[in-house]
Amino acid sequence: MKSYLIGVDLGGTNIKAAIFDEEFKAIQELSIPTEASAGSAHVLARIREAVHLLTVGTNITLDLVKGMGIGIPGLLDPVAGISIFSPNFPDWDHVPIIDEMKRYYDFPIYIDNDVRVNLYGEWQHGAGRGYANLILITLGTGLGSGMVSDGKVIYGTSYSAGEIGHMNMYRSGRPCKCGSSGCLGRYVSAVGMVNTLKEKLVEGGNSIIEKWTEGQHERITALMISEAYDRDDALAIEVMRETGEMLGFGLANVINMFNPELIIVGGGMAAAGDRLLNTVRDTVQQHALSLSSSRCSIVQAELGSQAGTLGAASFAWKKMNEKSNV
């Protein structure tokens, strides 16, 4: 009899969920609105709704589901199964995710940070297959990251290791929600790059993007910067270069410290591709230790939006096997 795994990627806007067979082939995938403003109890009910839709849509009964993994943004305790704090989620403080879910399901359930489950996806099934020392960074609203060292995911004392996005790049700089300022993620992210362009426009810079948005700076997106770059827009090229240099300096520090063999760049901003990464690679080559940087490749993620659900299912499978071997 076949068995199945469910992977859930909880986002502030949408919940992505998928059901996989034993070979991690997706049987069905879906996305439903999170409705985060309604509070934690409602969000958990929405996750259960996603699971219900998956099982009904595939005629796979719950007794055939062997486990479920859930990726959750923010700070959490994966051992206790508690989400401690999640940005952009009202009424979300020390939410006992696993205990609440166990009221409805008999199969084992595991939670981890959303970036780490993306890391599991790329490590087990994507660009990181076969590597023992690698780092995943995701560039979106902010800069998230997860690390594998000598074949093991790094968690740290409070399960918050690898916060590359909060590496301080300036003594004083853009304020960050973490309470500090000058954090790498405030500059190297989709929002950060857009803010850099806006600052340069206010200072008198010129860009075709002004025409596209009719001078309404709130309409500027990271995708527009890539499109303007392709049209040889001087300001867009300058902003992309500065963003790539900043990320390159940050990754040079990371390479010197952790000596990875691979850095995977994912998230929506990764679509900029070599427009961004060529500068990143050049900066790393110039500023990281040559012995370490010569052994480290910087590549784009392979799995795209499926990394979260596939990684969550892979994480659950790994935890289940660990328990069975105790």
# chains A, B, ... in the order shown; residues from 1 in each chain; ligands from 1
$ residues_around --residues "stretch 191-208 of chain A" --least-positions-apart "5" --cutoff "12 Å" --atoms "only C-alpha atoms" --output "short mmCIF file (atom, residue, chain, number, x, y, z; two decimals) with N, CA and C atoms, in the first residue's frame"
data_model
loop_
_atom_site.label_atom_id
_atom_site.label_comp_id
_atom_site.auth_asym_id
_atom_site.auth_seq_id
_atom_site.Cartn_x
_atom_site.Cartn_y
_atom_site.Cartn_z
N LEU A 139 15.94 35.83 -1.42
CA LEU A 139 15.83 37.27 -1.58
C LEU A 139 14.40 37.61 -1.97
N GLY A 140 13.68 38.19 -1.01
CA GLY A 140 12.31 38.61 -1.27
C GLY A 140 12.06 39.90 -0.54
N THR A 141 11.06 39.91 0.33
CA THR A 141 10.83 41.08 1.16
C THR A 141 12.05 41.39 2.02
N GLY A 142 12.70 40.33 2.47
CA GLY A 142 13.95 40.44 3.22
C GLY A 142 14.96 39.45 2.69
N LEU A 143 15.97 39.15 3.50
CA LEU A 143 16.98 38.17 3.12
C LEU A 143 16.96 37.05 4.17
N GLY A 165 20.84 37.77 6.86
CA GLY A 165 20.15 39.02 6.55
C GLY A 165 20.29 40.06 7.63
N GLY A 173 22.41 52.83 9.63
CA GLY A 173 21.87 52.67 8.29
C GLY A 173 20.36 52.56 8.37
N ARG A 174 19.78 51.94 7.39
CA ARG A 174 18.33 51.80 7.36
C ARG A 174 17.87 51.00 8.59
N PRO A 175 16.82 51.46 9.26
CA PRO A 175 16.32 50.71 10.42
C PRO A 175 15.76 49.36 10.00
N CYS A 176 15.91 48.39 10.90
CA CYS A 176 15.44 47.03 10.62
C CYS A 176 14.42 46.62 11.68
N GLY A 182 21.11 49.07 9.57
CA GLY A 182 22.22 48.74 8.68
C GLY A 182 22.33 47.27 8.37
N CYS A 183 21.27 46.48 8.59
CA CYS A 183 21.32 45.04 8.31
C CYS A 183 21.38 44.77 6.81
N LEU A 184 22.08 43.72 6.45
CA LEU A 184 22.27 43.37 5.03
C LEU A 184 20.93 43.26 4.29
N GLY A 185 19.95 42.63 4.93
CA GLY A 185 18.66 42.43 4.27
C GLY A 185 17.90 43.71 3.97
N ARG A 186 18.27 44.83 4.65
CA ARG A 186 17.61 46.11 4.36
C ARG A 186 18.09 46.69 3.04
N THR A 213 6.17 54.59 -14.17
CA THR A 213 5.33 54.73 -12.98
C THR A 213 4.68 56.10 -12.87
N GLU A 214 4.91 56.94 -13.88
CA GLU A 214 4.38 58.30 -13.88
C GLU A 214 4.78 59.05 -12.62
N GLY A 215 6.02 58.79 -12.19
CA GLY A 215 6.55 59.47 -11.03
C GLY A 215 6.03 58.99 -9.69
N GLN A 216 5.22 57.93 -9.69
CA GLN A 216 4.67 57.39 -8.45
C GLN A 216 5.62 56.31 -7.92
N HIS A 217 6.51 56.70 -7.04
CA HIS A 217 7.58 55.81 -6.59
C HIS A 217 7.06 54.57 -5.86
N GLU A 218 5.87 54.65 -5.29
CA GLU A 218 5.33 53.49 -4.58
C GLU A 218 4.99 52.34 -5.53
N ARG A 219 4.96 52.62 -6.83
CA ARG A 219 4.65 51.59 -7.82
C ARG A 219 5.90 50.86 -8.32
N ILE A 220 7.06 51.30 -7.92
CA ILE A 220 8.32 50.70 -8.40
C ILE A 220 8.47 49.29 -7.82
N THR A 221 8.88 48.36 -8.67
CA THR A 221 9.13 46.98 -8.24
C THR A 221 10.54 46.55 -8.64
N ALA A 222 11.00 45.47 -8.02
CA ALA A 222 12.31 44.93 -8.36
C ALA A 222 12.33 44.44 -9.82
N LEU A 223 11.21 43.91 -10.29
CA LEU A 223 11.14 43.46 -11.68
C LEU A 223 11.35 44.62 -12.64
N MET A 224 10.82 45.78 -12.32
CA MET A 224 11.03 46.96 -13.17
C MET A 224 12.51 47.30 -13.28
N ILE A 225 13.23 47.14 -12.18
CA ILE A 225 14.66 47.46 -12.20
C ILE A 225 15.39 46.51 -13.14
N SER A 226 15.01 45.21 -13.12
CA SER A 226 15.62 44.25 -14.06
C SER A 226 15.28 44.61 -15.50
N GLU A 227 14.03 44.99 -15.73
CA GLU A 227 13.61 45.35 -17.10
C GLU A 227 14.32 46.61 -17.58
N ALA A 228 14.47 47.58 -16.70
CA ALA A 228 15.19 48.80 -17.07
C ALA A 228 16.67 48.50 -17.30
N TYR A 229 17.24 47.61 -16.51
CA TYR A 229 18.63 47.16 -16.70
C TYR A 229 18.81 46.62 -18.12
N ASP A 230 17.86 45.82 -18.58
CA ASP A 230 17.94 45.23 -19.91
C ASP A 230 17.82 46.27 -21.02
N ARG A 231 17.31 47.45 -20.68
CA ARG A 231 17.19 48.55 -21.65
C ARG A 231 18.35 49.53 -21.49
N ASP A 232 19.40 49.08 -20.80
CA ASP A 232 20.61 49.89 -20.59
C ASP A 232 20.33 51.18 -19.84
N ASP A 233 19.36 51.13 -18.93
CA ASP A 233 19.07 52.28 -18.09
C ASP A 233 20.21 52.44 -17.09
N ALA A 234 20.89 53.57 -17.13
CA ALA A 234 22.11 53.76 -16.34
C ALA A 234 21.86 53.65 -14.84
N LEU A 235 20.74 54.22 -14.37
CA LEU A 235 20.47 54.19 -12.94
C LEU A 235 20.13 52.77 -12.48
N ALA A 236 19.36 52.04 -13.27
CA ALA A 236 19.04 50.65 -12.93
C ALA A 236 20.31 49.80 -12.89
N ILE A 237 21.22 50.02 -13.82
CA ILE A 237 22.48 49.29 -13.83
C ILE A 237 23.29 49.63 -12.58
N GLU A 238 23.30 50.89 -12.21
CA GLU A 238 24.04 51.32 -11.01
C GLU A 238 23.46 50.67 -9.75
N VAL A 239 22.14 50.64 -9.65
CA VAL A 239 21.49 50.06 -8.47
C VAL A 239 21.73 48.56 -8.41
N MET A 240 21.64 47.88 -9.54
CA MET A 240 21.88 46.43 -9.56
C MET A 240 23.32 46.14 -9.17
N ARG A 241 24.26 46.96 -9.66
CA ARG A 241 25.67 46.75 -9.32
C ARG A 241 25.91 46.97 -7.83
N GLU A 242 25.36 48.05 -7.29
CA GLU A 242 25.56 48.33 -5.86
C GLU A 242 24.95 47.23 -5.00
N THR A 243 23.78 46.73 -5.40
CA THR A 243 23.13 45.66 -4.65
C THR A 243 23.96 44.39 -4.72
N GLY A 244 24.48 44.08 -5.91
CA GLY A 244 25.33 42.91 -6.06
C GLY A 244 26.61 43.01 -5.26
N GLU A 245 27.20 44.19 -5.22
CA GLU A 245 28.42 44.39 -4.42
C GLU A 245 28.15 44.19 -2.94
N MET A 246 27.04 44.75 -2.46
CA MET A 246 26.68 44.61 -1.05
C MET A 246 26.49 43.13 -0.69
N LEU A 247 25.76 42.41 -1.54
CA LEU A 247 25.57 40.98 -1.28
C LEU A 247 26.90 40.24 -1.37
N GLY A 268 12.06 35.48 -4.90
CA GLY A 268 11.58 36.19 -6.08
C GLY A 268 12.64 37.03 -6.77
N MET A 269 13.53 37.64 -5.99
CA MET A 269 14.54 38.52 -6.58
C MET A 269 15.62 37.73 -7.32
N ALA A 272 16.45 37.99 -11.08
CA ALA A 272 17.41 38.92 -11.70
C ALA A 272 18.58 38.17 -12.30
N LEU A 276 22.45 40.32 -11.40
CA LEU A 276 22.87 40.52 -10.02
C LEU A 276 24.07 39.65 -9.66
#
$ residues_around --residues "A:Gly311" --least-positions-apart "4" --cutoff "10 Å" --atoms "only C-alpha atoms" --output "PyMOL selection string"
chain A and resi 7-9+24+69-71+114-126+303+306-307+315-317
$ select_by_dssp --residues "stretch 70-267 of chain A" --states "strand (DSSP E)" --output "ChimeraX atom specification"
/A:70-72,75-77,82-85,93-95,109-113,134-139,143-149,152-153,262-266
